[in-house]
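The structure file run_6.csv is reproduced below (CSV, C-alpha atoms).
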```csv
chain,number,residue,atom,x,y,z
S,1347,MET,CA,107.5,120.5,98.1
S,1348,SER,CA,108.2,119.4,94.6
S,1349,ASP,CA,104.5,119.2,93.6
S,1350,PRO,CA,103.5,122.8,92.7
S,1351,ASN,CA,100.0,122.1,94.0
S,1352,GLY,CA,101.2,120.8,97.3
S,1353,LEU,CA,100.0,117.8,99.2
S,1354,ILE,CA,97.3,115.7,97.6
S,1355,ARG,CA,93.9,117.1,98.5
S,1356,PRO,CA,90.7,115.4,99.7
S,1357,GLY,CA,88.4,114.1,97.1
S,1358,ARG,CA,91.1,112.7,94.9
S,1359,ALA,CA,91.8,109.1,94.2
S,1360,ALA,CA,95.0,108.2,96.1
S,1361,PRO,CA,97.8,106.9,93.9
S,1362,ASP,CA,98.3,103.2,94.6
S,1363,PHE,CA,101.8,101.9,95.2
S,1364,THR,CA,103.7,99.2,96.9
S,1365,LEU,CA,107.0,99.7,98.7
S,1366,PRO,CA,109.4,97.4,100.6
S,1367,ALA,CA,108.2,96.7,104.1
S,1368,THR,CA,110.7,94.1,105.2
S,1369,PRO,CA,114.3,93.2,104.3
S,1370,ASP,CA,113.1,90.0,102.6
S,1371,GLY,CA,111.4,92.0,99.9
S,1372,ALA,CA,107.8,91.9,101.1
S,1373,LEU,CA,105.9,94.8,99.5
S,1374,THR,CA,103.0,96.7,101.1
S,1375,GLY,CA,100.8,99.5,100.0
S,1376,PRO,CA,97.3,101.0,100.5
S,1377,GLY,CA,95.7,98.7,97.9
S,1378,GLN,CA,96.2,95.7,100.2
S,1379,PHE,CA,93.9,97.4,102.7
S,1380,ARG,CA,90.9,98.2,100.4
S,1381,GLY,CA,87.7,98.0,102.4
S,1382,ARG,CA,89.4,99.7,105.4
S,1383,PRO,CA,90.6,103.2,106.1
S,1384,VAL,CA,94.3,103.7,105.6
S,1385,VAL,CA,96.5,106.3,107.3
S,1386,LEU,CA,99.6,107.3,105.4
S,1387,ALA,CA,102.2,108.9,107.7
S,1388,PHE,CA,105.0,110.4,105.6
S,1389,TYR,CA,107.9,111.5,107.8
S,1390,PRO,CA,111.5,112.8,107.1
S,1391,ALA,CA,113.8,110.3,108.8
S,1392,ASP,CA,113.7,107.3,111.2
S,1393,TRP,CA,116.2,108.6,113.7
S,1394,SER,CA,115.1,112.2,114.2
S,1395,PRO,CA,113.6,113.0,117.6
S,1396,VAL,CA,110.3,114.3,116.3
S,1397,CYS,CA,109.8,111.3,113.9
S,1398,GLY,CA,110.6,108.9,116.7
S,1399,ASP,CA,108.0,110.5,119.0
S,1400,GLN,CA,105.4,110.7,116.2
S,1401,MET,CA,105.8,107.0,115.1
S,1402,SER,CA,105.8,105.9,118.8
S,1403,LEU,CA,102.6,107.8,119.4
S,1404,TYR,CA,100.9,106.0,116.5
S,1405,GLN,CA,102.1,102.7,117.9
S,1406,SER,CA,100.7,103.5,121.3
S,1407,ALA,CA,97.4,104.5,119.6
S,1408,ALA,CA,97.2,101.2,117.8
S,1409,PRO,CA,94.1,100.1,119.9
S,1410,VAL,CA,92.3,103.3,118.8
S,1411,PHE,CA,93.2,102.7,115.1
S,1412,ALA,CA,92.0,99.2,115.5
S,1413,GLN,CA,88.6,100.5,116.6
S,1414,TYR,CA,88.3,102.2,113.3
S,1415,GLN,CA,89.7,99.1,111.5
S,1416,ALA,CA,92.3,101.6,110.1
S,1417,ALA,CA,95.7,100.5,108.8
S,1418,VAL,CA,98.6,102.8,109.5
S,1419,LEU,CA,101.6,102.9,107.1
S,1420,GLY,CA,104.7,105.0,107.9
S,1421,ILE,CA,106.7,106.1,104.9
S,1422,SER,CA,110.1,107.8,104.6
S,1423,VAL,CA,113.0,107.8,102.2
S,1424,ASP,CA,115.1,105.8,104.6
S,1425,SER,CA,116.2,102.2,103.7
S,1426,ILE,CA,114.4,99.1,104.8
S,1427,TRP,CA,117.3,98.3,107.1
S,1428,SER,CA,117.1,101.6,108.8
S,1429,HIS,CA,113.3,101.1,109.2
S,1430,ARG,CA,113.9,97.7,110.7
S,1431,ALA,CA,116.4,98.9,113.3
S,1432,PHE,CA,114.2,101.9,114.1
S,1433,ALA,CA,111.0,99.8,114.5
S,1434,GLU,CA,112.8,97.3,116.7
S,1435,SER,CA,114.2,100.1,118.9
S,1436,ARG,CA,110.8,101.9,119.3
S,1437,GLY,CA,108.5,98.8,119.4
S,1438,ILE,CA,106.8,99.9,116.2
S,1439,GLU,CA,104.6,97.1,114.8
S,1440,PHE,CA,102.9,98.8,111.9
S,1441,PRO,CA,104.7,98.8,108.5
S,1442,LEU,CA,107.4,101.3,107.8
S,1443,LEU,CA,107.7,101.5,104.1
S,1444,ALA,CA,111.0,102.4,102.3
S,1445,ASP,CA,110.4,105.1,99.6
S,1446,PHE,CA,114.2,104.6,99.0
S,1447,GLU,CA,114.6,103.7,95.3
S,1448,PRO,CA,113.8,105.7,93.3
S,1449,LYS,CA,114.2,108.0,96.2
S,1450,GLY,CA,111.0,109.7,97.2
S,1451,GLU,CA,108.9,108.5,94.2
S,1452,VAL,CA,105.8,107.9,96.3
S,1453,ALA,CA,106.2,111.0,98.4
S,1454,ARG,CA,106.5,113.0,95.1
S,1455,ARG,CA,103.3,111.4,93.8
S,1456,TYR,CA,101.5,112.6,97.0
S,1457,GLY,CA,103.1,116.0,96.9
S,1458,ALA,CA,104.9,115.2,100.2
S,1459,TYR,CA,108.6,115.4,99.0
S,1460,ASN,CA,110.8,118.4,99.9
S,1461,SER,CA,113.8,120.2,98.6
S,1462,GLN,CA,116.0,118.6,101.4
S,1463,GLY,CA,115.5,115.2,99.7
S,1464,GLU,CA,113.1,113.9,102.4
S,1465,ALA,CA,109.4,113.3,102.8
S,1466,ASP,CA,107.5,116.1,104.5
S,1467,ARG,CA,105.8,115.4,107.8
S,1468,ALA,CA,102.5,114.8,106.0
S,1469,LEU,CA,99.4,112.8,106.9
S,1470,VAL,CA,96.9,111.4,104.4
S,1471,VAL,CA,93.7,109.5,105.4
S,1472,LEU,CA,92.2,107.3,102.7
S,1473,ASP,CA,88.6,106.0,102.8
S,1474,PRO,CA,88.0,102.2,102.3
S,1475,ALA,CA,87.7,102.8,98.5
S,1476,GLY,CA,91.1,104.6,98.3
S,1477,GLN,CA,89.9,108.2,98.1
S,1478,VAL,CA,91.7,110.9,100.0
S,1479,THR,CA,89.4,112.2,102.7
S,1480,TRP,CA,91.9,114.3,104.7
S,1481,SER,CA,95.5,115.5,104.3
S,1482,TYR,CA,97.8,117.7,106.4
S,1483,VAL,CA,101.4,118.9,106.3
S,1484,SER,CA,103.0,119.7,109.7
S,1485,PRO,CA,106.0,121.9,110.1
S,1486,PRO,CA,109.2,119.6,110.1
S,1487,ASP,CA,109.9,120.2,113.8
S,1488,VAL,CA,106.3,119.7,115.0
S,1489,ASN,CA,104.8,116.4,115.9
S,1490,PRO,CA,101.3,116.5,114.3
S,1491,GLY,CA,99.9,114.1,116.8
S,1492,ALA,CA,96.9,112.0,116.0
S,1493,ASP,CA,93.9,114.3,116.7
S,1494,GLY,CA,93.5,115.3,113.0
S,1495,ILE,CA,93.7,111.7,112.0
S,1496,PHE,CA,91.0,110.6,114.5
S,1497,ASP,CA,88.8,113.5,113.5
S,1498,ALA,CA,89.0,112.3,109.8
S,1499,LEU,CA,88.4,108.7,110.9
S,1500,ASP,CA,85.4,109.9,113.0
S,1501,GLN,CA,84.0,111.6,109.9
S,1502,LEU,CA,84.5,108.5,107.8
S,1503,ALA,CA,82.7,106.4,110.4
S,1504,ALA,CA,79.8,108.9,110.5
S,1505,ASP,CA,79.6,109.0,106.7
S,1506,ARG,CA,79.4,105.2,106.5
S,1507,LYS,CA,76.7,105.1,109.2
S,1508,VAL,CA,74.6,107.6,107.3
S,1509,MET,CA,75.1,105.5,104.1
S,1510,THR,CA,74.2,102.2,105.7
S,1511,GLY,CA,71.9,103.4,108.4
```

Once more with this new file: its structure as structure tokens, please.
Amino acid sequence: MSDPNGLIRPGRAAPDFTLPATPDGALTGPGQFRGRPVVLAFYPADWSPVCGDQMSLYQSAAPVFAQYQAAVLGISVDSIWSHRAFAESRGIEFPLLADFEPKGEVARRYGAYNSQGEADRALVVLDPAGQVTWSYVSPPDVNPGADGIFDALDQLAADRKVMTG
């Protein structure tokens, strides 16, 4: 990773950003989802087997993310056109954001950019106020699944219940 401190840690304010989400230039970022948990799923490349399985898993888990009112944003250094074709081929409906130019800028800000010029396979969960509550880097060839994300979302829900309850 380019960040000597590694992936952004829980307790820090998440850097806000917007990145292209569609070929028509629509920009999306975590700030658009304030008031809701946000899952940032950094991944190396659209067309790698592990990435395809990982993003497809998150799409199939959309009803569970909806129960938490959580937004999921996939982020890689691939172009928006690659994202579009990849999403269409895999039936992915959540935004895939192009951290393409300048290459990897957002991944670098989160400590999730590697020496191969790609995003690491990193997961970051933000609370509704934009604070990092959980982060994890998976080995490049291992699908991290969704259990860690759901554990973090469970903790957020429990914390909110205690605060409002």

- Message: Show me, as a ChimeraX atom specification, the residues that have an atom within 7 Å of segment 1386-1395 of chain S when counting all atoms listed in the file, minus same-chain residues fewer than 6 positions from it.
- Response: /S:1418-1422,1424,1429,1432,1464-1471

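With atom CA of Thr1364 of chain S on one side and atom CA of Gln1477 of chain S on the other, the separation reads 16.5 Å.
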
- Mind checking which residues fall within 9 Å of Ala1408 of chain S, counting only C-alpha atoms, ignoring those fewer than 5 positions away in the same chain, and posting them as a PyMOL selection string? chain S and resi 1403+1413+1418+1439-1440

Please identify all polymer residues within 10 Å of Thr1368 of chain S, counting only C-alpha atoms, omitting same-chain residues fewer than 2 positions from it, and present them as a CSV table (one decimal) with C-alpha atoms, in the coordinates of the input.
```csv
chain,number,residue,atom,x,y,z
S,1365,LEU,CA,107.0,99.7,98.7
S,1366,PRO,CA,109.4,97.4,100.6
S,1370,ASP,CA,113.1,90.0,102.6
S,1371,GLY,CA,111.4,92.0,99.9
S,1372,ALA,CA,107.8,91.9,101.1
S,1373,LEU,CA,105.9,94.8,99.5
S,1374,THR,CA,103.0,96.7,101.1
S,1425,SER,CA,116.2,102.2,103.7
S,1426,ILE,CA,114.4,99.1,104.8
S,1427,TRP,CA,117.3,98.3,107.1
S,1429,HIS,CA,113.3,101.1,109.2
S,1430,ARG,CA,113.9,97.7,110.7
S,1441,PRO,CA,104.7,98.8,108.5
S,1442,LEU,CA,107.4,101.3,107.8
S,1443,LEU,CA,107.7,101.5,104.1
S,1444,ALA,CA,111.0,102.4,102.3
```

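Among the candidate residues S:Phe1446, S:Tyr1459, S:Phe1379, S:Phe1411, the one lying nearest to Ser1428 of chain S is S:Phe1446, with distances computed using all atoms listed in the file.
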
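The coordinates place atom CA of Glu1447 of chain S at 28.0 Å from atom CA of Gly1491 of chain S.
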
- Message: Calculated over all atoms listed in the file, which of the candidates S:Ala1503, S:Ala1407, S:Pro1369, S:Ala1359 has the smallest distance to Ala1431 of chain S?
- Response: S:Pro1369

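Between atom CA of Gly1437 of chain S and atom CA of Ala1492 of chain S the separation is 17.9 Å.
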
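Considering the residues S:Pro1361, S:Pro1356, S:Gly1463, S:Pro1409 and counting only C-alpha atoms, Ser1481 of chain S has its shortest atom-to-atom contact with S:Pro1356.
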
- Query: Quick one: of S:Ser1406, S:Gln1415, S:Gln1501, S:Gln1400, who's nearest to Thr1479 of chain S, counting only C-alpha atoms?
  - Reply: S:Gln1501

- Task: Go through S:Ala1360, S:Arg1454, S:Phe1496, S:Gln1462 one by one, measure the shortest atom-to-atom distance of each to Ala1412 of chain S using all atoms listed in the file, and give the residue with the smallest value.
- Result: S:Phe1496

- Best match for closeness to Gly1450 of chain S among S:Ala1367, S:Val1488, S:Ala1498, S:Val1423, counting only C-alpha atoms: S:Val1423

- Item | Contacts of Asn1489 of chain S within 8 Å, only C-alpha atoms, excl. fewer than 6 positions in-chain, as a list in words | Val1396, Cys1397, Asp1399 and Gln1400 of chain S

Provide an axis-aligned box for all listed atoms of segment 1429-1438 of chain S, padding each side by 5 Å; report its centre and its edge lengths in Å to one decimal, as AutoDock Vina command-line options.
```
--center_x 111.6 --center_y 99.6 --center_z 114.3 --size_x 19.6 --size_y 14.6 --size_z 20.2
```
